[in-house]
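Listing of my_file.txt, compact mmCIF, C-alpha atoms and all ligand atoms
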# COMPACT_ATOMS: atom_id res chain seq x y z
CA MET A 1 89.64 116.21 68.66
CA THR A 2 89.28 118.06 71.96
CA LEU A 3 86.46 117.46 74.42
CA ALA A 4 84.97 120.91 73.67
CA CYS A 5 85.11 120.16 69.95
CA ILE A 6 83.33 116.81 70.26
CA TYR A 7 80.84 118.44 72.60
CA SER A 8 79.93 121.14 70.11
CA LYS A 9 79.17 118.54 67.44
CA MET A 10 76.75 116.53 69.56
CA GLU A 11 73.10 116.54 68.51
CA GLU A 12 70.13 116.78 70.86
CA GLN A 13 69.11 113.15 70.40
CA ARG A 14 72.55 111.93 71.38
CA TRP A 15 72.26 113.68 74.74
CA LYS A 16 68.93 111.96 75.33
CA VAL A 17 70.54 108.60 74.64
CA LEU A 18 73.44 109.34 77.00
CA ASP A 19 70.97 110.52 79.62
CA ALA A 20 69.20 107.18 79.39
CA ILE A 21 72.45 105.25 79.79
CA PHE A 22 73.27 107.32 82.87
CA ALA A 23 69.85 106.62 84.38
CA HIS A 24 70.26 102.85 84.00
CA MET A 25 73.99 102.35 84.53
CA TRP A 26 73.33 101.60 88.20
CA SER A 27 71.47 98.42 87.24
CA TYR A 28 73.12 97.22 84.03
CA GLU A 29 76.69 96.73 82.93
CA PHE A 30 75.40 97.29 79.37
CA VAL A 31 72.09 99.11 79.27
CA PRO A 32 69.54 97.39 76.96
CA VAL A 33 68.73 99.43 73.88
CA GLU A 34 64.98 98.96 74.56
CA LEU A 35 65.32 100.82 77.85
CA ILE A 36 67.40 103.53 76.22
CA ALA A 37 64.84 103.93 73.45
CA LYS A 38 61.97 104.08 75.91
CA ARG A 39 63.53 106.68 78.13
CA SER A 40 64.71 108.86 75.28
CA GLY A 41 61.37 108.67 73.46
CA MET A 42 62.58 107.16 70.18
CA ASN A 43 62.16 103.79 68.54
CA PRO A 44 64.81 101.09 69.24
CA GLU A 45 66.12 101.15 65.65
CA LYS A 46 66.83 104.86 65.89
CA ALA A 47 68.44 104.46 69.32
CA GLU A 48 70.60 101.62 68.01
CA ALA A 49 71.74 103.69 65.03
CA ILE A 50 72.74 106.55 67.34
CA LEU A 51 74.57 104.14 69.65
CA LYS A 52 76.48 102.69 66.70
CA ALA A 53 77.53 106.13 65.50
CA MET A 54 78.62 107.09 69.02
CA SER A 55 80.55 103.84 69.34
CA ASP A 56 82.55 104.79 66.20
CA GLU A 57 83.45 108.01 68.00
CA LYS A 58 84.37 106.12 71.20
CA ILE A 59 81.65 107.81 73.22
CA VAL A 60 79.98 104.52 74.11
CA VAL A 61 80.83 100.81 73.96
CA ASN A 62 78.16 98.49 72.57
CA ARG A 63 77.85 94.82 73.29
CA GLN A 64 75.67 92.22 71.63
CA LEU A 65 74.68 89.95 74.54
CA ASN A 66 71.33 88.21 74.46
CA TYR A 67 70.26 91.81 73.88
CA PHE A 68 71.96 94.85 72.33
CA GLY A 69 73.38 96.96 75.17
CA SER A 70 75.53 100.00 75.68
CA ALA A 71 77.85 101.56 78.28
CA PHE A 72 79.84 104.79 78.60
CA THR A 73 83.49 105.17 77.80
CA PHE A 74 85.49 107.67 79.88
CA LEU A 75 85.06 110.16 77.03
CA GLY A 76 81.29 109.58 76.88
CA LEU A 77 80.80 109.90 80.61
CA SER A 78 82.88 113.08 80.70
CA LEU A 79 80.92 114.60 77.79
CA TYR A 80 77.67 113.76 79.52
CA SER A 81 78.83 115.23 82.86
CA LEU A 82 79.93 118.38 81.06
CA TRP A 83 76.53 118.62 79.39
CA ARG A 84 74.85 118.51 82.79
CA LEU A 85 77.12 121.23 84.15
CA VAL A 86 76.27 123.38 81.15
CA LYS A 87 72.57 122.65 81.50
CA TRP A 88 72.61 123.76 85.14
CA LYS A 89 74.50 126.90 84.07
CA LYS A 90 77.49 126.06 86.25
CA ILE A 91 80.03 126.26 83.46
CA HIS A 92 80.20 128.54 80.41
CA MET A 93 83.53 127.79 78.83
CA LEU A 94 85.94 124.90 78.85
CA GLY A 95 89.61 125.84 78.76
CA LYS A 96 92.86 123.95 78.41
CA ILE A 97 93.96 120.74 80.07
CA MET A 98 95.89 121.59 83.24
CA GLY A 99 96.85 118.09 84.20
CA GLU A 100 96.27 114.61 82.94
CA GLY A 101 96.99 111.45 84.85
CA LYS A 102 95.92 107.85 85.24
CA GLU A 103 93.02 108.75 87.50
CA SER A 104 91.79 112.04 86.09
CA VAL A 105 91.91 114.82 83.54
CA VAL A 106 91.81 118.36 84.92
CA TYR A 107 90.66 121.34 82.82
CA ASN A 108 90.57 125.05 83.29
CA CYS A 109 87.08 126.46 82.88
CA TYR A 110 85.07 129.64 83.19
CA SER A 111 81.79 130.14 84.97
CA GLU A 112 79.68 133.30 85.05
CA LYS A 113 78.90 132.59 88.66
CA TYR A 114 82.32 131.52 89.97
CA GLY A 115 84.75 133.03 87.47
CA GLU A 116 87.82 131.03 86.52
CA ALA A 117 87.55 127.53 87.92
CA VAL A 118 88.73 123.95 87.51
CA ILE A 119 86.87 120.90 86.33
CA LYS A 120 88.19 117.46 87.14
CA PHE A 121 86.93 114.41 85.25
CA HIS A 122 87.44 111.26 87.25
CA ARG A 123 88.56 108.12 85.55
CA VAL A 124 88.89 104.79 87.27
CA GLY A 125 90.67 102.21 85.19
CA TYR A 126 89.34 98.74 84.53
CA PRO A 127 92.22 97.00 86.42
CA SER A 128 91.47 98.89 89.63
CA PHE A 129 87.78 98.17 89.15
CA LYS A 130 88.55 94.47 88.90
CA LYS A 131 90.36 94.65 92.24
CA VAL A 132 87.41 96.44 93.87
CA ARG A 133 84.95 93.99 92.36
CA GLU A 134 86.86 91.10 93.89
CA LYS A 135 86.86 92.73 97.32
CA ARG A 136 83.27 93.95 97.41
CA ASN A 137 80.32 92.47 95.68
CA TYR A 138 79.91 94.72 92.68
CA GLY A 139 77.84 92.26 90.70
CA THR A 140 77.81 93.23 87.06
CA LEU A 141 78.07 97.01 87.23
CA HIS A 142 80.07 98.75 84.55
CA PHE A 143 83.37 100.16 85.78
CA THR A 144 82.48 103.75 84.85
CA VAL A 145 80.15 103.67 87.87
CA LEU A 146 83.29 103.82 90.01
CA ALA A 147 84.36 107.08 88.35
CA VAL A 148 81.04 108.61 89.40
CA ARG A 149 81.49 107.35 92.95
CA SER A 150 85.00 108.66 93.06
CA ALA A 151 83.82 112.12 91.93
CA ARG A 152 81.06 112.04 94.54
CA ASN A 153 83.55 111.12 97.25
CA GLU A 154 85.83 113.99 96.28
CA TYR A 155 82.95 116.49 96.17
CA ARG A 156 81.68 115.41 99.59
CA ALA A 157 85.14 115.58 101.10
CA LEU A 158 85.64 119.13 99.78
CA GLN A 159 82.25 120.12 101.19
CA ARG A 160 83.09 118.69 104.57
CA LEU A 161 86.46 120.48 104.61
CA GLN A 162 85.19 123.95 103.74
CA GLY A 163 87.14 126.65 105.53
CA LEU A 164 90.33 124.58 105.59
CA GLY A 165 93.10 124.72 102.99
CA VAL A 166 91.25 122.94 100.16
CA PRO A 167 89.60 124.20 96.94
CA ARG A 168 86.00 125.35 97.29
CA PRO A 169 83.66 122.82 95.63
CA TYR A 170 81.21 124.34 93.10
CA ALA A 171 79.41 121.39 91.54
CA TRP A 172 79.38 117.67 91.00
CA GLU A 173 77.79 115.95 87.99
CA GLY A 174 78.55 112.39 86.91
CA ASN A 175 82.33 111.93 86.96
CA ALA A 176 83.03 115.67 87.03
CA VAL A 177 83.83 117.87 90.01
CA MET A 178 84.00 121.59 89.48
CA MET A 179 86.00 123.53 92.03
CA GLU A 180 87.94 126.65 92.85
CA LEU A 181 91.10 127.28 90.85
CA ILE A 182 94.09 127.37 93.16
CA GLU A 183 96.93 129.48 91.81
CA ALA A 184 99.80 127.54 93.30
CA LYS A 185 102.34 124.87 92.42
CA GLU A 186 102.73 121.29 93.57
CA LEU A 187 105.09 121.01 96.53
CA TYR A 188 107.55 118.82 94.59
CA ARG A 189 108.05 121.57 91.99
CA VAL A 190 109.08 124.35 94.36
CA ARG A 191 112.17 125.01 96.44
CA LEU A 192 110.89 126.33 99.75
CA THR A 193 112.76 128.99 101.67
CA ASN A 194 110.76 128.23 104.83
CA PRO A 195 110.31 124.44 104.82
CA GLU A 196 109.92 124.15 108.62
CA GLU A 197 107.00 126.54 108.56
CA VAL A 198 105.33 124.87 105.56
CA LEU A 199 105.66 121.44 107.15
CA GLU A 200 104.01 122.79 110.29
CA ILE A 201 101.12 124.21 108.25
CA ILE A 202 100.66 120.88 106.45
CA ILE A 203 100.60 118.94 109.72
CA ASP A 204 98.07 121.38 111.15
CA GLU A 205 95.90 120.91 108.04
CA ILE A 206 96.04 117.12 108.43
CA ARG A 207 95.05 117.59 112.06
CA ARG A 208 92.09 119.84 111.23
CA MET A 209 90.91 117.40 108.57
CA TYR A 210 91.14 114.57 111.05
CA SER A 211 89.13 116.51 113.59
CA ARG A 212 86.44 116.85 110.90
CA GLY A 213 86.51 113.09 110.52
CA LEU A 214 88.51 112.78 107.34
CA VAL A 215 91.73 111.07 106.27
CA HIS A 216 93.13 111.93 102.83
CA GLY A 217 94.58 108.51 102.01
CA ASP A 218 96.86 109.59 99.13
CA LEU A 219 98.76 112.52 100.58
CA SER A 220 102.16 113.35 99.10
CA GLN A 221 104.21 116.18 97.60
CA TYR A 222 102.09 115.74 94.43
CA ASN A 223 98.78 116.55 96.12
CA ILE A 224 99.89 119.58 98.11
CA LEU A 225 99.89 122.98 96.41
CA VAL A 226 101.92 125.88 97.77
CA SER A 227 102.33 129.56 96.99
CA GLU A 228 103.21 132.77 98.82
CA GLU A 229 99.54 132.87 99.83
CA GLY A 230 99.39 129.54 101.56
CA VAL A 231 99.10 125.77 101.39
CA TRP A 232 96.28 123.69 99.86
CA ILE A 233 95.57 120.00 99.85
CA ILE A 234 93.90 118.53 96.74
CA ASP A 235 92.88 115.19 95.21
CA PHE A 236 90.37 113.52 97.54
CA PRO A 237 88.65 110.68 95.62
CA GLN A 238 90.11 107.99 97.87
CA CYS A 239 89.65 109.83 101.17
CA VAL A 240 88.04 108.01 104.08
CA PHE A 241 85.26 109.36 106.31
CA LEU A 242 85.77 108.24 109.91
CA ASP A 243 82.08 108.21 110.84
CA LYS A 244 81.29 105.78 108.02
CA ASN A 245 84.16 103.49 109.00
CA GLU A 246 83.94 103.29 112.80
CA GLU A 247 84.52 99.55 112.78
CA LYS A 248 87.66 100.02 110.67
CA ARG A 249 89.25 102.64 112.89
CA SER A 250 92.63 100.93 113.05
CA GLU A 251 92.81 100.63 109.24
CA VAL A 252 91.95 104.30 108.87
CA GLU A 253 94.65 105.21 111.37
CA LYS A 254 97.15 103.22 109.33
CA LEU A 255 96.17 105.30 106.30
CA LEU A 256 96.63 108.47 108.32
CA ARG A 257 100.06 107.28 109.42
CA ARG A 258 101.02 106.57 105.82
CA ASP A 259 99.94 110.07 104.77
CA VAL A 260 102.01 111.61 107.55
CA GLU A 261 104.98 109.37 106.77
CA ASN A 262 104.85 110.40 103.08
CA VAL A 263 105.00 114.06 104.00
CA LEU A 264 107.70 113.64 106.67
CA SER A 265 109.89 111.54 104.40
CA TYR A 266 109.63 114.13 101.62
CA PHE A 267 110.78 116.88 104.00
CA ARG A 268 113.50 114.60 105.38
CA ARG A 269 114.88 113.82 101.92
CA THR A 270 114.51 117.30 100.47
CA TYR A 271 115.19 119.62 103.40
CA SER A 272 116.85 117.32 105.98
CA ILE A 273 114.13 118.04 108.51
CA GLU A 274 113.79 115.26 111.07
CA LYS A 275 110.50 114.79 112.94
CA ASP A 276 109.36 111.93 115.09
CA ILE A 277 106.29 110.37 113.50
CA ASN A 278 104.85 109.11 116.79
CA THR A 279 104.90 112.58 118.33
CA ILE A 280 103.21 114.01 115.23
CA MET A 281 100.57 111.26 115.20
CA GLU A 282 99.75 111.99 118.83
CA TYR A 283 99.50 115.68 118.07
CA ILE A 284 97.14 115.04 115.13
CA LYS A 285 94.86 112.73 117.08
CA LYS A 286 94.78 114.92 120.20
N1 LIG A 301 91.66 123.06 92.28
C1 LIG A 301 92.79 123.06 91.55
N2 LIG A 301 93.42 124.20 91.28
C2 LIG A 301 94.56 124.21 90.56
N3 LIG A 301 95.11 123.11 90.04
C3 LIG A 301 94.53 121.93 90.25
C4 LIG A 301 93.34 121.83 91.03
N4 LIG A 301 92.97 120.54 91.07
C5 LIG A 301 93.89 119.87 90.37
N5 LIG A 301 94.83 120.68 89.87
C6 LIG A 301 96.00 120.30 89.03
O1 LIG A 301 95.75 119.08 88.36
C7 LIG A 301 96.64 118.06 88.80
C8 LIG A 301 95.92 116.73 88.99
O2 LIG A 301 94.90 116.89 89.94
P1 LIG A 301 94.63 115.81 91.06
O3 LIG A 301 95.86 115.61 91.89
O4 LIG A 301 93.41 116.21 91.79
O5 LIG A 301 94.32 114.54 90.16
P2 LIG A 301 95.03 113.12 90.12
O6 LIG A 301 93.98 112.13 90.32
O7 LIG A 301 96.22 113.12 91.00
O8 LIG A 301 95.57 112.86 88.73
P3 LIG A 301 96.74 111.80 88.55
O9 LIG A 301 96.10 110.63 87.96
O10 LIG A 301 97.70 112.55 87.69
O11 LIG A 301 97.36 111.46 89.87
C9 LIG A 301 97.23 118.59 90.10
O12 LIG A 301 98.50 118.08 90.35
C10 LIG A 301 97.22 120.08 89.87
O13 LIG A 301 98.33 120.46 89.12
MG MG A 302 97.08 114.07 92.39
Mind converting the file's structure to structure tokens?
Ligand SMILES: Nc1ncnc2c1ncn2[C@@H]1O[C@H](COP(=O)(O)OP(=O)(O)OP(=O)(O)O)[C@@H](O)[C@H]1O
Ligand SMILES: [Mg+2]
Amino acid sequence: MTLACIYSKMEEQRWKVLDAIFAHMWSYEFVPVELIAKRSGMNPEKAEAILKAMSDEKIVVNRQLNYFGSAFTFLGLSLYSLWRLVKWKKIHMLGKIMGEGKESVVYNCYSEKYGEAVIKFHRVGYPSFKKVREKRNYGTLHFTVLAVRSARNEYRALQRLQGLGVPRPYAWEGNAVMMELIEAKELYRVRLTNPEEVLEIIIDEIRRMYSRGLVHGDLSQYNILVSEEGVWIIDFPQCVFLDKNEEKRSEVEKLLRRDVENVLSYFRRTYSIEKDINTIMEYIKK
């Protein structure tokens, strides 16, 4: 069943239950049913019955610990985020899937305010969460929290980069970011007639982003869109803000260098264009 189809079959009380999970997911890996019941104004038996039905539909995952608790699945979190976008009248129609990967599902959508747009549901897998949990002290948070953080990071990056070659951000709710639809193709899918010029534009974009204090961190031919109209950079969940990472400046510069190297090596392999990375790095940081 499609996301829109599941969405249309959801009853009011289910949204209240999901809303309660969202409110408490920052403190509990599995939110206690008592708290869910209290916040959604129903008795715990009723809340538990709804949670069990939603678990059968893979919207939530329930766990019997020393209490009965519940957490979102990627589907549940995405449904909930969509509900919030609808509630705030940001989105009026959900279209087809435009792209689906390990880290996200991207849909076409329509908004009365913005017209045709794109909605990206962030997904962070459990294995990558485990790695993050080992590095930072994540305590016992559920891994879907990371998908929300990743959406927030992308939304903030797009806001900060307004005016440059990136999609305009329209809204952020939960794990969903709604943004401008760019009518262009990924760099790896097109055969450029003016590769030198496009490479120059990309390097200038990287430079402008850097001067706004941002390093993409996952730049490649897959995250650059091109058309006759121009060049856009997309996919920012892992981007790094320089001002929040002053003490890690050298690590951030390594990331920047890797981004530049990815782009240069693509143009080297595909169009035999040779550029000296050190000269480009100096130019970007100037
Ligand atoms: N604003 C947009 N306008 C048009 N197409 C977009 C937009 N954002 C994303 N897409 C399409 O969706 C695809 C995936 O988006 P994005 O790169 O942001 O996600 P992703 O995290 O890379 O997903 P994956 O897990 O596949 O790597 C893009 O390659 C592009 O085709
Ligand atoms: Mg991508």
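Here atom CA of A:Glu246 is placed at a distance of 27.4 Å from atom CA of A:Glu103.
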(request) Taking only C-alpha atoms and all ligand atoms into account, report as a PyMOL selection string which residues have an atom no farther than 7 Å from an atom of ligand LIG 301 (chain A). (result) chain A and resi 98-106+118+120+167+179-186+222-223+234-235
(request) Between A:Ile202, A:Ala157, A:Val31, A:Ile233, single out the one closest to A:Leu65, counting all atoms listed in the file. (result) A:Val31
(request) Provide the atom CA of A:Arg168 to atom CA of A:Ile97 distance in Å, to one decimal place. (result) 19.5 Å
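When only C-alpha atoms are used to compute distances to A:Ile203, the closest of the residues A:Ala117, A:Leu164, A:Ile280, A:Ala151 turns out to be A:Ile280.
Every protein, DNA or RNA residue with an atom at most 10 Å from stretch 264-273 of chain A, where only C-alpha atoms count and chain neighbours fewer than 2 positions away do not, is listed here: Leu187, Tyr188, Arg191, Leu192, Thr193, Asn194, Pro195, Glu196, Val198, Leu199, Ile203, Ser220, Gln221, Arg258, Asp259, Val260, Glu261, Asn262, Lys275, Asp276, Ile277 and Ile280 of chain A.
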(request) Dump as number ranges by chain all residues having an atom at most 12 Å from (79.4, 104.3, 71.0), computed in the file's coordinates with only C-alpha atoms. (result) A: 14, 17-18, 21, 30, 47-63, 69-77
(request) Using atom CA of A:Glu205 and atom CA of A:Gly165 as the two end points, give the distance in Å to one decimal. (result) 6.9 Å
(message) Which residue is closest to ligand MG 302 (chain A)? Choose from A:Asn278, A:Glu116, A:Lys244, A:Phe236 and count all atoms listed in the file.
(response) A:Phe236
When you look at A:Gln238 with a cut-off of 8 Å (counting all atoms listed in the file), what residues show up, excluding the ones that are within fewer than 2 positions of it in the same chain? I need them as a JSON list (two decimals) with C-alpha atoms, keeping the file's coordinate frame.
[["chain", "number", "residue", "atom", "x", "y", "z"],
["A", 150, "SER", "CA", 85.00, 108.66, 93.06],
["A", 153, "ASN", "CA", 83.55, 111.12, 97.25],
["A", 154, "GLU", "CA", 85.83, 113.99, 96.28],
["A", 216, "HIS", "CA", 93.13, 111.93, 102.83],
["A", 217, "GLY", "CA", 94.58, 108.51, 102.01],
["A", 218, "ASP", "CA", 96.86, 109.59, 99.13],
["A", 236, "PHE", "CA", 90.37, 113.52, 97.54],
["A", 240, "VAL", "CA", 88.04, 108.01, 104.08]]
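Residue nearest ligand MG 302 (chain A) within the list A:Val263, A:Ala147, A:Met25, A:Leu219: A:Leu219 [criterion: smallest interatomic distance, only C-alpha atoms and all ligand atoms].
Proximity ranking of A:Tyr80, A:Tyr67, A:Glu45, A:Arg207 relative to A:Pro32 places A:Tyr67 first, based on all atoms listed in the file.
Distance check against A:Pro237 using all atoms listed in the file: of A:Tyr210, A:Tyr114, A:Tyr170, A:Tyr155, the minimum falls on A:Tyr155.
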Using all atoms of stretch 65-83 of chain A that appear in the file, construct an axis-aligned enclosing box with 3 Å of padding on every side and provide its centre coordinates and edge lengths in Å, rounded to one decimal, as JSON.
{"center_x": 77.9, "center_y": 103.4, "center_z": 77.6, "size_x": 21.2, "size_y": 36.4, "size_z": 16.5}
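For A:Gly213, the set of protein, DNA and RNA residues having any atom at most 12 Å away, when counting all atoms listed in the file and skipping those fewer than 4 positions along the same chain, is Ala157, Arg160, Leu161, Ile206, Arg207, Arg208, Met209, Cys239, Val240, Phe241, Leu242, Asp243, Lys244, Asn245, Glu246, Arg249, Val252, Glu253, Leu256, Ile284 and Lys285 of chain A.
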For stretch 190-201 of chain A, supply all heavy atoms and report the output as a short mmCIF file (atom, residue, chain, number, x, y, z; two decimals), keeping the file's coordinate frame.
data_model
loop_
_atom_site.label_atom_id
_atom_site.label_comp_id
_atom_site.auth_asym_id
_atom_site.auth_seq_id
_atom_site.Cartn_x
_atom_site.Cartn_y
_atom_site.Cartn_z
N VAL A 190 108.54 123.10 93.84
CA VAL A 190 109.08 124.35 94.36
C VAL A 190 110.22 124.10 95.35
O VAL A 190 110.28 123.05 95.99
CB VAL A 190 108.00 125.23 95.05
CG1 VAL A 190 107.01 125.74 94.06
CG2 VAL A 190 107.30 124.45 96.15
N ARG A 191 111.11 125.07 95.44
CA ARG A 191 112.17 125.01 96.44
C ARG A 191 111.78 125.99 97.54
O ARG A 191 111.81 127.21 97.34
CB ARG A 191 113.50 125.41 95.76
CG ARG A 191 114.69 125.32 96.65
CD ARG A 191 115.15 123.89 96.86
NE ARG A 191 115.93 123.80 98.10
CZ ARG A 191 116.30 122.67 98.66
NH1 ARG A 191 115.96 121.51 98.11
NH2 ARG A 191 117.00 122.66 99.76
N LEU A 192 111.39 125.47 98.67
CA LEU A 192 110.89 126.33 99.75
C LEU A 192 112.03 127.04 100.46
O LEU A 192 113.10 126.47 100.65
CB LEU A 192 110.13 125.48 100.78
CG LEU A 192 108.89 124.73 100.30
CD1 LEU A 192 108.42 123.76 101.39
CD2 LEU A 192 107.77 125.70 99.95
N THR A 193 111.76 128.30 100.86
CA THR A 193 112.76 128.99 101.67
C THR A 193 112.44 128.82 103.16
O THR A 193 113.28 129.06 104.01
CB THR A 193 112.78 130.50 101.33
OG1 THR A 193 111.43 130.97 101.42
CG2 THR A 193 113.32 130.74 99.93
N ASN A 194 111.18 128.40 103.43
CA ASN A 194 110.76 128.23 104.83
C ASN A 194 110.13 126.85 105.06
O ASN A 194 108.97 126.74 105.48
CB ASN A 194 109.74 129.32 105.19
CG ASN A 194 108.55 129.29 104.22
OD1 ASN A 194 108.64 128.68 103.13
ND2 ASN A 194 107.46 129.91 104.59
N PRO A 195 110.90 125.78 104.76
CA PRO A 195 110.31 124.44 104.82
C PRO A 195 109.73 124.05 106.18
O PRO A 195 108.69 123.40 106.25
CB PRO A 195 111.45 123.51 104.42
CG PRO A 195 112.70 124.29 104.59
CD PRO A 195 112.32 125.72 104.38
N GLU A 196 110.40 124.48 107.27
CA GLU A 196 109.92 124.15 108.62
C GLU A 196 108.49 124.66 108.81
O GLU A 196 107.61 123.93 109.29
CB GLU A 196 110.80 124.82 109.69
CG GLU A 196 112.22 124.31 109.74
CD GLU A 196 112.40 123.18 110.76
OE1 GLU A 196 111.40 122.82 111.41
OE2 GLU A 196 113.53 122.67 110.87
N GLU A 197 108.30 125.90 108.38
CA GLU A 197 107.00 126.54 108.56
C GLU A 197 105.93 125.85 107.70
O GLU A 197 104.82 125.58 108.17
CB GLU A 197 107.14 128.01 108.14
CG GLU A 197 105.99 128.88 108.55
CD GLU A 197 106.11 130.28 107.93
OE1 GLU A 197 107.25 130.70 107.62
OE2 GLU A 197 105.06 130.91 107.73
N VAL A 198 106.29 125.53 106.46
CA VAL A 198 105.33 124.87 105.56
C VAL A 198 104.95 123.49 106.09
O VAL A 198 103.78 123.10 106.09
CB VAL A 198 105.89 124.79 104.12
CG1 VAL A 198 105.00 123.92 103.23
CG2 VAL A 198 106.05 126.18 103.53
N LEU A 199 105.95 122.77 106.59
CA LEU A 199 105.66 121.44 107.15
C LEU A 199 104.69 121.57 108.33
O LEU A 199 103.74 120.78 108.45
CB LEU A 199 106.97 120.76 107.59
CG LEU A 199 106.81 119.39 108.26
CD1 LEU A 199 106.04 118.41 107.36
CD2 LEU A 199 108.17 118.80 108.63
N GLU A 200 104.91 122.58 109.15
CA GLU A 200 104.01 122.79 110.29
C GLU A 200 102.57 123.06 109.81
O GLU A 200 101.61 122.53 110.37
CB GLU A 200 104.49 123.97 111.12
CG GLU A 200 104.86 123.58 112.53
CD GLU A 200 105.54 124.72 113.25
OE1 GLU A 200 104.86 125.73 113.52
OE2 GLU A 200 106.76 124.61 113.52
N ILE A 201 102.45 123.90 108.77
CA ILE A 201 101.12 124.21 108.25
C ILE A 201 100.45 122.93 107.72
O ILE A 201 99.27 122.69 107.97
CB ILE A 201 101.21 125.27 107.11
CG1 ILE A 201 101.76 126.58 107.66
CG2 ILE A 201 99.83 125.50 106.48
CD1 ILE A 201 102.03 127.63 106.60
#
